[in-house]
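What follows is a set of notes on a single structure, which appears directly below.
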Amino acid sequence: MLINDYHIHSRFSGDSNEDLDKIIEKGIELGMSDMAITDHLEYDIVGMTDKWKLNLDDYVSTILKYKEKYKDKIDLKLGVEIGIQPHTREHLEKQVEKYPFDFVIASTHALDRHDIAMGELQKHRNKEQLQRYYFETVLKNVKTYNNFNVYGHIDFITRYGGSEYRGLNYKENLDLIDEILRTLISKNKGIEINTSGYRYKEDRFYPCTDLLKRYFELGGEIITIGSDSHIKDYIGKDFDIAYDFLKSIGVNYICSFDQMQPVFKKIK
Ligand SMILES: [Zn+2]
Ligand SMILES: [Zn+2]
């Protein structure tokens, strides 16, 4: 039985066409008590097309309607995944404040206004340089942003750029990673286990297990699990691996969120 899924995209995201009824029915079918829709809110990225501009009024009112529609079967949470950059803090935090979100994922999808997936950043940097630049930016982000609950797929910089960019240089970046994790923990923020790495043929979660273990070693407690699905069939995918991993390191709970507050749920 799956507990929840806290990273799901729907037709409101530029890279998904999935229907909300189908998403929610899949969660119910999997036995989830709750699930969070977390569509993309991006801002100031070079070449960003209109389909990526989230109409927050429409999005929020629609999700709240579906929350009501399915309230007897599943607790639907109003979430969002904000793509954060150091210079967009004021704008994004103001947007988030305007709406009654249950849950906010902050993710670094772009560095210096360039989407990591588009290849431009890789043209000028090798793997070592790109990973260093990524974690330096994540550190700036976690130091300044406050209106979020968990950091999304915190080491997914290895996903793009082809085989030569694969594999996290964990030890080489541990100074930055530690400072990022300590900052998150001091602000009562969590990280997510994002199971999409298995689908991107990296055979791992984002973050990798070393980094996850480090978060708990340093005293972190807030963890969510998300599929990062853009189609209903990926909802809850590979969560059994995540539950088993957590139990193997003595962590017996994960979090749900309600009005930006964590609720701890036991892994059975
Ligand atoms: Zn993301
Ligand atoms: Zn996502």
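Residue numbering restarts at 1 in every chain; chains get A, B, ... in the order shown in the structure tokens, and ligands count up from 1 in that same order.
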
Q. If we count only C-alpha atoms, what is near Tyr133 (chain A) at a cut-off of 9 Å, once residues fewer than 5 positions away on the same chain are taken out, given as a PyMOL selection string?
A. chain A and resi 111+128+138

Write the residues you've just listed into a file as a CSV table (one decimal), in the first residue's frame, and include N, CA and C atoms for each of them.
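Final output, selection-v2.csv:
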chain,number,residue,atom,x,y,z
A,111,LEU,N,20.2,27.7,-14.4
A,111,LEU,CA,21.3,28.4,-13.9
A,111,LEU,C,21.5,29.6,-14.7
A,128,GLU,N,32.6,18.4,-14.1
A,128,GLU,CA,33.1,19.0,-12.8
A,128,GLU,C,32.6,20.4,-12.6
A,138,VAL,N,22.5,26.3,-6.0
A,138,VAL,CA,21.5,25.7,-5.0
A,138,VAL,C,21.8,26.3,-3.6

**Q.** Surrounding residues as JSON, numbers by chain, ligand 2, max 12 Å, only C-alpha atoms and all ligand atoms
**A.** {"A": [5, 6, 7, 8, 9, 10, 12, 13, 14, 15, 16, 36, 37, 38, 39, 40, 41, 42, 79, 80, 81, 82, 83, 104, 105, 106, 107, 108, 109, 151, 152, 153, 154, 156, 192, 193, 194, 195, 196, 197, 206, 225, 226, 227, 228, 229, 230, 231]}

Extract the full set of helix (DSSP H, G or I) residues from region 6-240 of chain A according to DSSP on the backbone, and format it as an mmCIF file with C-alpha atoms, in the first residue's frame.
data_model
loop_
_atom_site.group_PDB
_atom_site.id
_atom_site.type_symbol
_atom_site.label_atom_id
_atom_site.label_comp_id
_atom_site.auth_asym_id
_atom_site.auth_seq_id
_atom_site.Cartn_x
_atom_site.Cartn_y
_atom_site.Cartn_z
ATOM 1 C CA LEU A 20 -6.696 15.552 -13.331
ATOM 2 C CA ASP A 21 -9.466 12.961 -12.974
ATOM 3 C CA LYS A 22 -7.147 10.270 -14.310
ATOM 4 C CA ILE A 23 -4.345 11.337 -11.951
ATOM 5 C CA ILE A 24 -6.565 11.353 -8.886
ATOM 6 C CA GLU A 25 -8.256 8.063 -9.765
ATOM 7 C CA LYS A 26 -4.828 6.464 -10.090
ATOM 8 C CA GLY A 27 -3.904 7.672 -6.587
ATOM 9 C CA ILE A 28 -7.143 6.230 -5.195
ATOM 10 C CA GLU A 29 -6.505 2.940 -7.014
ATOM 11 C CA ASP A 50 3.880 30.646 -23.326
ATOM 12 C CA LYS A 51 2.838 27.094 -22.497
ATOM 13 C CA TRP A 52 5.196 27.305 -19.499
ATOM 14 C CA LEU A 56 -2.088 30.600 -11.009
ATOM 15 C CA ASP A 57 -5.660 31.857 -10.525
ATOM 16 C CA ASP A 58 -6.986 29.192 -12.881
ATOM 17 C CA TYR A 59 -4.667 26.501 -11.519
ATOM 18 C CA VAL A 60 -5.467 27.089 -7.860
ATOM 19 C CA SER A 61 -9.229 27.349 -8.336
ATOM 20 C CA THR A 62 -9.239 24.161 -10.450
ATOM 21 C CA ILE A 63 -7.233 22.110 -7.952
ATOM 22 C CA LEU A 64 -9.465 23.310 -5.105
ATOM 23 C CA LYS A 65 -12.519 22.219 -7.109
ATOM 24 C CA TYR A 66 -11.049 18.745 -7.567
ATOM 25 C CA LYS A 67 -10.113 18.628 -3.883
ATOM 26 C CA GLU A 68 -13.798 19.104 -3.062
ATOM 27 C CA LYS A 69 -14.941 16.657 -5.736
ATOM 28 C CA PRO A 86 18.738 33.609 -6.968
ATOM 29 C CA HIS A 87 17.469 36.692 -8.813
ATOM 30 C CA THR A 88 13.787 35.613 -8.974
ATOM 31 C CA ARG A 89 13.176 35.252 -5.241
ATOM 32 C CA GLU A 90 11.092 38.334 -4.696
ATOM 33 C CA HIS A 91 8.740 37.616 -7.596
ATOM 34 C CA LEU A 92 8.245 33.912 -6.829
ATOM 35 C CA GLU A 93 7.843 34.280 -3.081
ATOM 36 C CA LYS A 94 5.167 36.914 -3.639
ATOM 37 C CA GLN A 95 3.298 34.586 -6.001
ATOM 38 C CA VAL A 96 3.415 31.726 -3.513
ATOM 39 C CA GLU A 97 2.184 33.930 -0.666
ATOM 40 C CA ILE A 116 19.739 22.843 -17.550
ATOM 41 C CA ALA A 117 17.872 20.516 -19.934
ATOM 42 C CA MET A 118 18.555 22.655 -23.011
ATOM 43 C CA GLU A 120 23.560 25.622 -23.380
ATOM 44 C CA LEU A 121 25.180 25.338 -19.923
ATOM 45 C CA GLN A 122 26.972 22.143 -20.911
ATOM 46 C CA LYS A 123 28.556 23.863 -23.944
ATOM 47 C CA LYS A 127 30.940 17.779 -15.748
ATOM 48 C CA GLU A 128 33.066 18.958 -12.802
ATOM 49 C CA GLN A 129 32.488 22.633 -13.557
ATOM 50 C CA LEU A 130 28.769 22.194 -14.161
ATOM 51 C CA GLN A 131 28.166 20.282 -10.930
ATOM 52 C CA ARG A 132 30.159 22.847 -8.951
ATOM 53 C CA TYR A 133 28.184 25.716 -10.502
ATOM 54 C CA TYR A 134 24.903 23.918 -9.866
ATOM 55 C CA PHE A 135 25.560 23.322 -6.161
ATOM 56 C CA GLU A 136 26.880 26.867 -5.685
ATOM 57 C CA THR A 137 23.588 28.118 -7.109
ATOM 58 C CA VAL A 138 21.506 25.722 -4.999
ATOM 59 C CA LEU A 139 23.345 27.029 -1.925
ATOM 60 C CA LYS A 140 22.482 30.626 -2.823
ATOM 61 C CA ASN A 141 18.875 29.554 -3.333
ATOM 62 C CA VAL A 142 18.505 27.746 -0.007
ATOM 63 C CA LYS A 143 20.080 30.655 1.856
ATOM 64 C CA THR A 144 17.631 33.202 0.484
ATOM 65 C CA PHE A 156 19.491 15.930 -10.659
ATOM 66 C CA ILE A 157 22.217 17.920 -12.448
ATOM 67 C CA THR A 158 23.474 14.515 -13.664
ATOM 68 C CA ARG A 159 20.312 13.954 -15.728
ATOM 69 C CA SER A 163 26.767 10.135 -20.674
ATOM 70 C CA GLU A 164 29.766 12.335 -19.897
ATOM 71 C CA TYR A 165 27.681 14.320 -17.392
ATOM 72 C CA LYS A 171 32.846 13.655 -2.502
ATOM 73 C CA GLU A 172 34.152 16.524 -4.634
ATOM 74 C CA ASN A 173 31.049 18.554 -3.838
ATOM 75 C CA LEU A 174 30.533 17.453 -0.246
ATOM 76 C CA ASP A 175 31.576 20.847 1.161
ATOM 77 C CA LEU A 176 28.739 22.524 -0.740
ATOM 78 C CA ILE A 177 26.293 19.671 -0.195
ATOM 79 C CA ASP A 178 26.875 19.797 3.565
ATOM 80 C CA GLU A 179 26.331 23.523 3.685
ATOM 81 C CA ILE A 180 23.146 23.173 1.618
ATOM 82 C CA LEU A 181 21.797 20.434 3.899
ATOM 83 C CA ARG A 182 22.722 22.280 7.103
ATOM 84 C CA THR A 183 21.001 25.403 5.807
ATOM 85 C CA LEU A 184 17.840 23.479 4.886
ATOM 86 C CA ILE A 185 17.768 21.760 8.274
ATOM 87 C CA SER A 186 18.263 25.043 10.162
ATOM 88 C CA THR A 195 11.963 8.359 -7.939
ATOM 89 C CA SER A 196 12.162 9.616 -11.540
ATOM 90 C CA GLY A 197 15.880 8.784 -11.699
ATOM 91 C CA TYR A 198 14.891 5.176 -12.327
ATOM 92 C CA THR A 209 21.565 7.420 -1.215
ATOM 93 C CA ASP A 210 24.844 8.939 0.087
ATOM 94 C CA LEU A 211 23.292 12.386 0.036
ATOM 95 C CA LEU A 212 20.054 11.138 1.592
ATOM 96 C CA LYS A 213 21.917 9.426 4.406
ATOM 97 C CA ARG A 214 23.889 12.615 4.984
ATOM 98 C CA TYR A 215 20.665 14.633 5.385
ATOM 99 C CA PHE A 216 19.547 12.357 8.234
ATOM 100 C CA GLU A 217 23.058 12.202 9.768
ATOM 101 C CA LYS A 232 -0.717 8.914 -14.648
ATOM 102 C CA ASP A 233 1.065 5.603 -15.160
ATOM 103 C CA TYR A 234 4.158 6.835 -13.315
ATOM 104 C CA PHE A 239 8.109 3.914 -4.182
ATOM 105 C CA ASP A 240 8.672 0.425 -2.740
#

Q: Tell me, in Å to one decimal, how far CA of Gln261 (chain A) is from CA of Asp102 (chain A).
A: 7.5 Å

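Distance-wise, CA of Pro262 (chain A) and CA of Arg204 (chain A) end up 25.2 Å apart.
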